[in-house]
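Shown below: work.txt, with compact mmCIF, N, CA and C atoms and all ligand atoms.
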```
# COMPACT_ATOMS: atom_id res chain seq x y z
N LEU A 181 -29.09 -2.23 -0.69
CA LEU A 181 -27.65 -1.95 -0.92
C LEU A 181 -27.52 -0.63 -1.67
N GLU A 182 -26.51 0.12 -1.26
CA GLU A 182 -26.28 1.42 -1.88
C GLU A 182 -25.67 1.28 -3.27
N SER A 183 -26.05 2.17 -4.18
CA SER A 183 -25.41 2.15 -5.50
C SER A 183 -24.02 2.77 -5.39
N PRO A 184 -23.12 2.40 -6.30
CA PRO A 184 -21.77 3.01 -6.28
C PRO A 184 -21.85 4.53 -6.43
N GLN A 185 -22.84 5.02 -7.18
CA GLN A 185 -22.99 6.48 -7.35
C GLN A 185 -23.25 7.16 -6.01
N ASP A 186 -24.18 6.57 -5.22
CA ASP A 186 -24.50 7.13 -3.90
C ASP A 186 -23.25 7.14 -3.01
N THR A 187 -22.51 6.06 -3.05
CA THR A 187 -21.29 5.98 -2.25
C THR A 187 -20.30 7.06 -2.67
N ASN A 188 -20.14 7.25 -3.98
CA ASN A 188 -19.20 8.26 -4.45
C ASN A 188 -19.62 9.67 -4.07
N VAL A 189 -20.93 9.93 -4.03
CA VAL A 189 -21.41 11.24 -3.59
C VAL A 189 -21.02 11.46 -2.13
N LYS A 190 -21.19 10.42 -1.31
CA LYS A 190 -20.81 10.54 0.11
C LYS A 190 -19.31 10.77 0.27
N LEU A 191 -18.54 10.02 -0.50
CA LEU A 191 -17.08 10.16 -0.39
C LEU A 191 -16.64 11.55 -0.84
N LEU A 192 -17.28 12.07 -1.87
CA LEU A 192 -16.95 13.43 -2.32
C LEU A 192 -17.30 14.44 -1.23
N LYS A 193 -18.42 14.23 -0.55
CA LYS A 193 -18.80 15.15 0.53
C LYS A 193 -17.78 15.12 1.67
N VAL A 194 -17.25 13.94 1.95
CA VAL A 194 -16.20 13.83 2.97
C VAL A 194 -14.98 14.66 2.55
N CYS A 195 -14.61 14.54 1.28
CA CYS A 195 -13.46 15.32 0.77
C CYS A 195 -13.74 16.81 0.88
N GLN A 196 -14.95 17.21 0.51
CA GLN A 196 -15.31 18.64 0.54
C GLN A 196 -15.28 19.19 1.97
N LEU A 197 -15.79 18.37 2.89
CA LEU A 197 -15.80 18.79 4.30
C LEU A 197 -14.38 19.00 4.82
N LEU A 198 -13.53 18.02 4.57
CA LEU A 198 -12.14 18.13 5.05
C LEU A 198 -11.44 19.33 4.40
N ASP A 199 -11.66 19.48 3.10
CA ASP A 199 -11.01 20.57 2.36
C ASP A 199 -11.45 21.94 2.90
N ARG A 200 -12.73 22.00 3.26
CA ARG A 200 -13.29 23.27 3.74
C ARG A 200 -12.83 23.59 5.16
N GLU A 201 -12.78 22.56 6.00
CA GLU A 201 -12.57 22.79 7.44
C GLU A 201 -11.10 22.83 7.86
N ILE A 202 -10.25 22.20 7.10
CA ILE A 202 -8.85 22.11 7.54
C ILE A 202 -7.97 22.80 6.50
N SER A 203 -7.45 23.95 6.91
CA SER A 203 -6.83 24.88 5.95
C SER A 203 -5.60 24.27 5.28
N TYR A 204 -4.90 23.39 5.97
CA TYR A 204 -3.66 22.84 5.39
C TYR A 204 -3.90 21.54 4.64
N TYR A 205 -5.17 21.15 4.44
CA TYR A 205 -5.50 20.04 3.53
C TYR A 205 -5.77 20.66 2.16
N ASN A 206 -4.85 20.49 1.24
CA ASN A 206 -4.95 21.20 -0.05
C ASN A 206 -5.26 20.29 -1.23
N TRP A 207 -5.22 19.01 -1.02
CA TRP A 207 -5.74 18.02 -1.99
C TRP A 207 -6.19 16.84 -1.16
N THR A 208 -7.45 16.48 -1.29
CA THR A 208 -8.02 15.41 -0.47
C THR A 208 -8.77 14.45 -1.37
N GLY A 209 -8.37 13.19 -1.35
CA GLY A 209 -9.05 12.24 -2.23
C GLY A 209 -8.92 10.81 -1.77
N PHE A 210 -9.67 9.96 -2.45
CA PHE A 210 -9.66 8.53 -2.16
C PHE A 210 -9.07 7.76 -3.35
N TYR A 211 -8.33 6.73 -3.02
CA TYR A 211 -7.92 5.72 -4.00
C TYR A 211 -8.45 4.38 -3.52
N PHE A 212 -8.85 3.53 -4.49
CA PHE A 212 -9.32 2.18 -4.15
C PHE A 212 -8.65 1.14 -5.04
N LYS A 213 -8.47 -0.04 -4.47
CA LYS A 213 -7.96 -1.16 -5.26
C LYS A 213 -8.85 -1.33 -6.48
N ASN A 214 -8.21 -1.47 -7.63
CA ASN A 214 -8.92 -1.53 -8.91
C ASN A 214 -9.28 -2.98 -9.25
N GLY A 215 -10.46 -3.39 -8.84
CA GLY A 215 -10.90 -4.77 -9.09
C GLY A 215 -9.92 -5.76 -8.48
N ASP A 216 -9.47 -6.75 -9.26
CA ASP A 216 -8.49 -7.69 -8.68
C ASP A 216 -7.08 -7.40 -9.20
N LYS A 217 -6.90 -6.20 -9.78
CA LYS A 217 -5.55 -5.82 -10.23
C LYS A 217 -4.71 -5.29 -9.06
N ASP A 218 -3.39 -5.41 -9.20
CA ASP A 218 -2.49 -4.88 -8.18
C ASP A 218 -2.21 -3.41 -8.46
N GLU A 219 -3.27 -2.62 -8.42
CA GLU A 219 -3.15 -1.19 -8.66
C GLU A 219 -4.29 -0.46 -7.96
N LEU A 220 -4.07 0.85 -7.76
CA LEU A 220 -5.09 1.72 -7.18
C LEU A 220 -5.72 2.54 -8.30
N ALA A 221 -7.01 2.83 -8.14
CA ALA A 221 -7.70 3.74 -9.05
C ALA A 221 -8.20 4.94 -8.26
N LEU A 222 -8.07 6.11 -8.86
CA LEU A 222 -8.51 7.34 -8.20
C LEU A 222 -10.02 7.33 -8.02
N GLY A 223 -10.47 7.71 -6.84
CA GLY A 223 -11.89 7.87 -6.54
C GLY A 223 -12.23 9.34 -6.42
N PRO A 224 -13.28 9.66 -5.66
CA PRO A 224 -13.65 11.06 -5.47
C PRO A 224 -12.52 11.86 -4.82
N TYR A 225 -12.38 13.11 -5.25
CA TYR A 225 -11.34 13.97 -4.68
C TYR A 225 -11.72 15.43 -4.84
N VAL A 226 -11.05 16.27 -4.06
CA VAL A 226 -11.16 17.72 -4.19
C VAL A 226 -9.74 18.26 -4.30
N GLY A 227 -9.49 19.06 -5.31
CA GLY A 227 -8.17 19.64 -5.49
C GLY A 227 -7.78 19.62 -6.95
N ALA A 228 -6.52 19.91 -7.20
CA ALA A 228 -6.04 20.00 -8.58
C ALA A 228 -6.18 18.66 -9.28
N VAL A 229 -6.45 18.72 -10.57
CA VAL A 229 -6.51 17.51 -11.39
C VAL A 229 -5.16 16.81 -11.32
N THR A 230 -5.18 15.49 -11.20
CA THR A 230 -3.94 14.73 -11.08
C THR A 230 -3.77 13.76 -12.25
N ASP A 231 -2.51 13.57 -12.66
CA ASP A 231 -2.19 12.56 -13.69
C ASP A 231 -2.28 11.16 -13.12
N HIS A 232 -2.23 11.06 -11.78
CA HIS A 232 -2.11 9.73 -11.16
C HIS A 232 -3.49 9.13 -10.90
N VAL A 233 -4.12 8.73 -12.01
CA VAL A 233 -5.46 8.14 -11.95
C VAL A 233 -5.34 6.65 -11.61
N ILE A 234 -4.30 6.02 -12.09
CA ILE A 234 -3.98 4.63 -11.76
C ILE A 234 -2.58 4.61 -11.16
N ILE A 235 -2.45 3.96 -10.01
CA ILE A 235 -1.14 3.85 -9.35
C ILE A 235 -0.85 2.37 -9.06
N PRO A 236 0.19 1.82 -9.67
CA PRO A 236 0.56 0.42 -9.39
C PRO A 236 0.96 0.25 -7.93
N PHE A 237 0.60 -0.90 -7.35
CA PHE A 237 1.02 -1.21 -5.99
C PHE A 237 2.54 -1.06 -5.90
N GLY A 238 2.99 -0.42 -4.81
CA GLY A 238 4.43 -0.24 -4.59
C GLY A 238 4.95 1.10 -5.08
N LYS A 239 4.22 1.75 -5.99
CA LYS A 239 4.71 3.01 -6.54
C LYS A 239 4.17 4.21 -5.77
N GLY A 240 5.04 5.15 -5.47
CA GLY A 240 4.64 6.37 -4.78
C GLY A 240 4.25 6.08 -3.34
N ILE A 241 3.83 7.11 -2.66
CA ILE A 241 3.41 6.98 -1.27
C ILE A 241 2.15 6.11 -1.21
N CYS A 242 1.22 6.40 -2.13
CA CYS A 242 -0.05 5.64 -2.15
C CYS A 242 0.20 4.16 -2.41
N GLY A 243 1.01 3.87 -3.42
CA GLY A 243 1.29 2.47 -3.76
C GLY A 243 1.99 1.73 -2.64
N GLN A 244 2.82 2.44 -1.88
CA GLN A 244 3.49 1.81 -0.74
C GLN A 244 2.49 1.47 0.37
N VAL A 245 1.51 2.36 0.58
CA VAL A 245 0.49 2.10 1.62
C VAL A 245 -0.44 0.96 1.19
N ALA A 246 -0.65 0.83 -0.13
CA ALA A 246 -1.44 -0.30 -0.63
C ALA A 246 -0.78 -1.62 -0.25
N VAL A 247 0.55 -1.62 -0.19
CA VAL A 247 1.30 -2.84 0.14
C VAL A 247 1.45 -3.01 1.66
N SER A 248 1.78 -1.92 2.34
CA SER A 248 2.11 -2.02 3.78
C SER A 248 0.88 -2.08 4.68
N GLY A 249 -0.19 -1.43 4.24
CA GLY A 249 -1.39 -1.33 5.10
C GLY A 249 -1.17 -0.45 6.31
N GLU A 250 -0.15 0.42 6.23
CA GLU A 250 0.14 1.31 7.37
C GLU A 250 0.10 2.77 6.94
N THR A 251 -0.37 3.60 7.85
CA THR A 251 -0.39 5.04 7.60
C THR A 251 1.02 5.52 7.28
N PHE A 252 1.11 6.39 6.28
CA PHE A 252 2.40 6.94 5.85
C PHE A 252 2.30 8.47 5.94
N VAL A 253 3.06 9.05 6.86
CA VAL A 253 3.11 10.50 7.00
C VAL A 253 4.42 10.98 6.38
N VAL A 254 4.31 11.90 5.43
CA VAL A 254 5.50 12.43 4.76
C VAL A 254 5.58 13.93 5.06
N PRO A 255 6.46 14.33 5.98
CA PRO A 255 6.56 15.74 6.35
C PRO A 255 7.10 16.62 5.22
N ASP A 256 7.96 15.99 4.36
CA ASP A 256 8.59 16.73 3.28
C ASP A 256 8.71 15.80 2.07
N VAL A 257 7.86 16.01 1.08
CA VAL A 257 7.83 15.07 -0.05
C VAL A 257 9.15 15.06 -0.83
N HIS A 258 9.89 16.15 -0.77
CA HIS A 258 11.14 16.20 -1.53
C HIS A 258 12.22 15.30 -0.95
N ALA A 259 12.00 14.84 0.26
CA ALA A 259 12.95 13.93 0.90
C ALA A 259 12.65 12.47 0.55
N GLN A 260 11.59 12.23 -0.25
CA GLN A 260 11.19 10.86 -0.60
C GLN A 260 11.68 10.48 -1.99
N ASP A 261 12.25 9.28 -2.11
CA ASP A 261 12.65 8.78 -3.44
C ASP A 261 11.44 8.22 -4.19
N ASN A 262 10.64 7.44 -3.48
CA ASN A 262 9.50 6.76 -4.10
C ASN A 262 8.25 7.62 -3.89
N TYR A 263 8.16 8.66 -4.69
CA TYR A 263 7.09 9.64 -4.55
C TYR A 263 6.60 10.03 -5.94
N LEU A 264 5.29 10.15 -6.09
CA LEU A 264 4.70 10.57 -7.36
C LEU A 264 4.18 12.00 -7.19
N SER A 265 4.76 12.94 -7.89
CA SER A 265 4.37 14.34 -7.74
C SER A 265 3.09 14.64 -8.50
N CYS A 266 2.14 15.25 -7.79
CA CYS A 266 0.88 15.66 -8.42
C CYS A 266 0.90 17.14 -8.73
N SER A 267 1.51 17.91 -7.86
CA SER A 267 1.50 19.36 -8.00
C SER A 267 2.81 19.90 -7.43
N ILE A 268 3.35 20.92 -8.09
CA ILE A 268 4.60 21.49 -7.57
C ILE A 268 4.37 22.22 -6.24
N ASP A 269 3.10 22.50 -5.92
CA ASP A 269 2.78 23.18 -4.66
C ASP A 269 2.80 22.24 -3.46
N THR A 270 2.73 20.95 -3.72
CA THR A 270 2.64 19.99 -2.61
C THR A 270 3.97 19.86 -1.88
N LYS A 271 3.90 20.00 -0.56
CA LYS A 271 5.11 19.88 0.26
C LYS A 271 5.07 18.70 1.21
N ALA A 272 3.85 18.27 1.59
CA ALA A 272 3.71 17.17 2.55
C ALA A 272 2.51 16.34 2.17
N GLU A 273 2.48 15.12 2.69
CA GLU A 273 1.40 14.20 2.32
C GLU A 273 1.14 13.22 3.46
N ILE A 274 -0.12 12.83 3.61
CA ILE A 274 -0.46 11.74 4.53
C ILE A 274 -1.40 10.79 3.80
N VAL A 275 -1.13 9.51 3.95
CA VAL A 275 -1.98 8.47 3.35
C VAL A 275 -2.36 7.48 4.44
N VAL A 276 -3.68 7.26 4.58
CA VAL A 276 -4.20 6.36 5.62
C VAL A 276 -5.01 5.25 4.94
N PRO A 277 -4.68 3.99 5.22
CA PRO A 277 -5.37 2.89 4.57
C PRO A 277 -6.80 2.70 5.08
N ILE A 278 -7.64 2.13 4.23
CA ILE A 278 -9.02 1.79 4.58
C ILE A 278 -9.13 0.26 4.56
N PHE A 279 -9.54 -0.28 5.70
CA PHE A 279 -9.71 -1.74 5.80
C PHE A 279 -11.18 -2.10 5.85
N LYS A 280 -11.55 -3.10 5.05
CA LYS A 280 -12.90 -3.65 5.08
C LYS A 280 -12.76 -5.16 5.28
N ASP A 281 -13.37 -5.67 6.34
CA ASP A 281 -13.27 -7.10 6.66
C ASP A 281 -11.81 -7.57 6.65
N GLY A 282 -10.94 -6.74 7.23
CA GLY A 282 -9.53 -7.10 7.37
C GLY A 282 -8.69 -6.92 6.12
N GLU A 283 -9.30 -6.46 5.05
CA GLU A 283 -8.57 -6.32 3.78
C GLU A 283 -8.30 -4.85 3.48
N ASN A 284 -7.09 -4.55 3.04
CA ASN A 284 -6.68 -3.20 2.67
C ASN A 284 -7.28 -2.88 1.29
N ILE A 285 -8.40 -2.14 1.29
CA ILE A 285 -9.15 -1.94 0.04
C ILE A 285 -8.94 -0.56 -0.58
N GLY A 286 -8.28 0.32 0.14
CA GLY A 286 -8.09 1.67 -0.40
C GLY A 286 -7.48 2.58 0.62
N GLN A 287 -7.65 3.86 0.39
CA GLN A 287 -6.96 4.82 1.26
C GLN A 287 -7.51 6.23 1.04
N ILE A 288 -7.27 7.05 2.05
CA ILE A 288 -7.46 8.49 1.86
C ILE A 288 -6.08 9.11 1.74
N ASP A 289 -5.97 10.05 0.81
CA ASP A 289 -4.69 10.69 0.51
C ASP A 289 -4.88 12.20 0.64
N ILE A 290 -4.03 12.82 1.44
CA ILE A 290 -4.12 14.27 1.61
C ILE A 290 -2.76 14.90 1.35
N ASP A 291 -2.77 15.91 0.49
CA ASP A 291 -1.56 16.69 0.22
C ASP A 291 -1.69 18.05 0.89
N SER A 292 -0.56 18.59 1.30
CA SER A 292 -0.55 19.92 1.91
C SER A 292 0.48 20.80 1.24
N HIS A 293 0.16 22.07 1.16
CA HIS A 293 1.12 23.05 0.65
C HIS A 293 2.05 23.55 1.76
N SER A 294 1.83 23.08 2.99
CA SER A 294 2.69 23.44 4.11
C SER A 294 3.69 22.31 4.38
N ILE A 295 4.84 22.69 4.92
CA ILE A 295 5.83 21.68 5.32
C ILE A 295 5.46 21.13 6.69
N ASP A 296 5.50 19.81 6.81
CA ASP A 296 5.32 19.12 8.09
C ASP A 296 4.08 19.57 8.89
N PRO A 297 2.90 19.55 8.27
CA PRO A 297 1.71 20.05 8.97
C PRO A 297 0.94 18.99 9.75
N PHE A 298 1.21 17.70 9.48
CA PHE A 298 0.33 16.65 10.00
C PHE A 298 0.76 16.20 11.40
N THR A 299 -0.22 16.17 12.31
CA THR A 299 0.05 15.79 13.70
C THR A 299 -0.60 14.44 14.00
N LYS A 300 -0.39 13.98 15.24
CA LYS A 300 -1.07 12.75 15.71
C LYS A 300 -2.58 12.92 15.63
N GLU A 301 -3.05 14.15 15.82
CA GLU A 301 -4.50 14.40 15.75
C GLU A 301 -5.04 14.19 14.33
N ASP A 302 -4.26 14.58 13.34
CA ASP A 302 -4.67 14.29 11.95
C ASP A 302 -4.76 12.79 11.74
N GLU A 303 -3.75 12.08 12.22
CA GLU A 303 -3.74 10.62 12.06
C GLU A 303 -4.96 10.00 12.73
N GLU A 304 -5.27 10.47 13.93
CA GLU A 304 -6.43 9.92 14.67
C GLU A 304 -7.73 10.24 13.95
N LEU A 305 -7.87 11.49 13.51
CA LEU A 305 -9.08 11.89 12.78
C LEU A 305 -9.26 11.03 11.53
N LEU A 306 -8.18 10.89 10.77
CA LEU A 306 -8.28 10.19 9.48
C LEU A 306 -8.47 8.69 9.68
N ASN A 307 -7.85 8.14 10.72
CA ASN A 307 -8.08 6.73 11.05
C ASN A 307 -9.54 6.47 11.36
N TRP A 308 -10.10 7.34 12.20
CA TRP A 308 -11.52 7.22 12.56
C TRP A 308 -12.38 7.33 11.30
N LEU A 309 -12.06 8.33 10.48
CA LEU A 309 -12.82 8.56 9.25
C LEU A 309 -12.77 7.35 8.32
N CYS A 310 -11.60 6.77 8.18
CA CYS A 310 -11.47 5.60 7.30
C CYS A 310 -12.29 4.42 7.83
N GLU A 311 -12.38 4.29 9.15
CA GLU A 311 -13.23 3.24 9.72
C GLU A 311 -14.69 3.50 9.42
N GLU A 312 -15.10 4.77 9.53
CA GLU A 312 -16.50 5.13 9.22
C GLU A 312 -16.80 4.91 7.73
N VAL A 313 -15.85 5.31 6.89
CA VAL A 313 -16.03 5.14 5.44
C VAL A 313 -16.18 3.66 5.09
N ALA A 314 -15.37 2.82 5.72
CA ALA A 314 -15.43 1.38 5.43
C ALA A 314 -16.83 0.82 5.68
N LYS A 315 -17.53 1.40 6.63
CA LYS A 315 -18.87 0.91 6.98
C LYS A 315 -19.87 1.14 5.85
N VAL A 316 -19.68 2.16 5.03
CA VAL A 316 -20.63 2.42 3.94
C VAL A 316 -20.18 1.80 2.61
N LEU A 317 -19.07 1.11 2.63
CA LEU A 317 -18.56 0.50 1.38
C LEU A 317 -19.03 -0.94 1.24
N1 LIG B 401 1.70 11.74 -4.22
C1 LIG B 401 1.05 10.47 -4.35
C2 LIG B 401 0.32 10.34 -5.66
C3 LIG B 401 -1.08 10.79 -5.58
S1 LIG B 401 -1.25 12.49 -5.62
O1 LIG B 401 -0.67 13.05 -4.35
C4 LIG B 401 -2.86 12.91 -5.66
C5 LIG B 401 2.05 9.35 -4.23
O2 LIG B 401 3.26 9.59 -4.15
O3 LIG B 401 1.62 8.21 -4.21
```

Show this structure as structure tokens.
Amino acid sequence: LESPQDTNVKLLKVCQLLDREISYYNWTGFYFKNGDKDELALGPYVGAVTDHVIIPFGKGICGQVAVSGETFVVPDVHAQDNYLSCSIDTKAEIVVPIFKDGENIGQIDIDSHSIDPFTKEDEELLNWLCEEVAKVL
């Protein structure tokens, strides 16, 4: 069995790869359910330091995805009421849930400095990636 440290190194590499290869991915990170609490805890990420290290279920885009289990594409964050701002540069966000054995255990969260940059191809890529990530968790 892999140690949590090894897993976090892999997850960080995934973030680094996405950040390097896709110009409009400007903050890329993972959140995971925090033990048996109804909250998310920040995992490996690349980008600006964020205040949102713990996010209660239901709060912000991430907290809503923790509840819904559905991908949430936000073309313009300023049009959202239930949104937690990490950086004034962020204009758009996509959050894709990670399922392990049918359970919503976390998510990948990507912020962009561009307005409305995320396409169906981003959704497909990130869905595939989250399935691959679930296999090493
Ligand atoms: N914007 C997110 C919070 C996490 S930061 O983007 C890293 C949200 O509304 O849930």

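The space between atom CA of Val257 of chain A and atom CA of Gly243 of chain A spans 14.7 Å.
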
Can you tell me which residues surround Trp207 of chain A at a distance of at most 5 Å, considering only N, CA and C atoms, apart from same-chain residues fewer than 6 positions away, and format the answer as an MDAnalysis selection string?
chainID A and resid 226:227 290:291

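Interatomic distance, atom CA of Asp231 of chain A against atom N of Ala246 of chain A: 18.0 Å.
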
I'd like the interatomic distance between atom C of Asp218 of chain A and atom CA of Ile235 of chain A, to a tenth of an Å.
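The value is 7.4 Å.
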
Taking into account all atoms listed in the file, which residue in the set A:Ala314, A:Ile234, A:Gln244, A:Ser203 is nearest to Ser294 of chain A?
A:Ser203
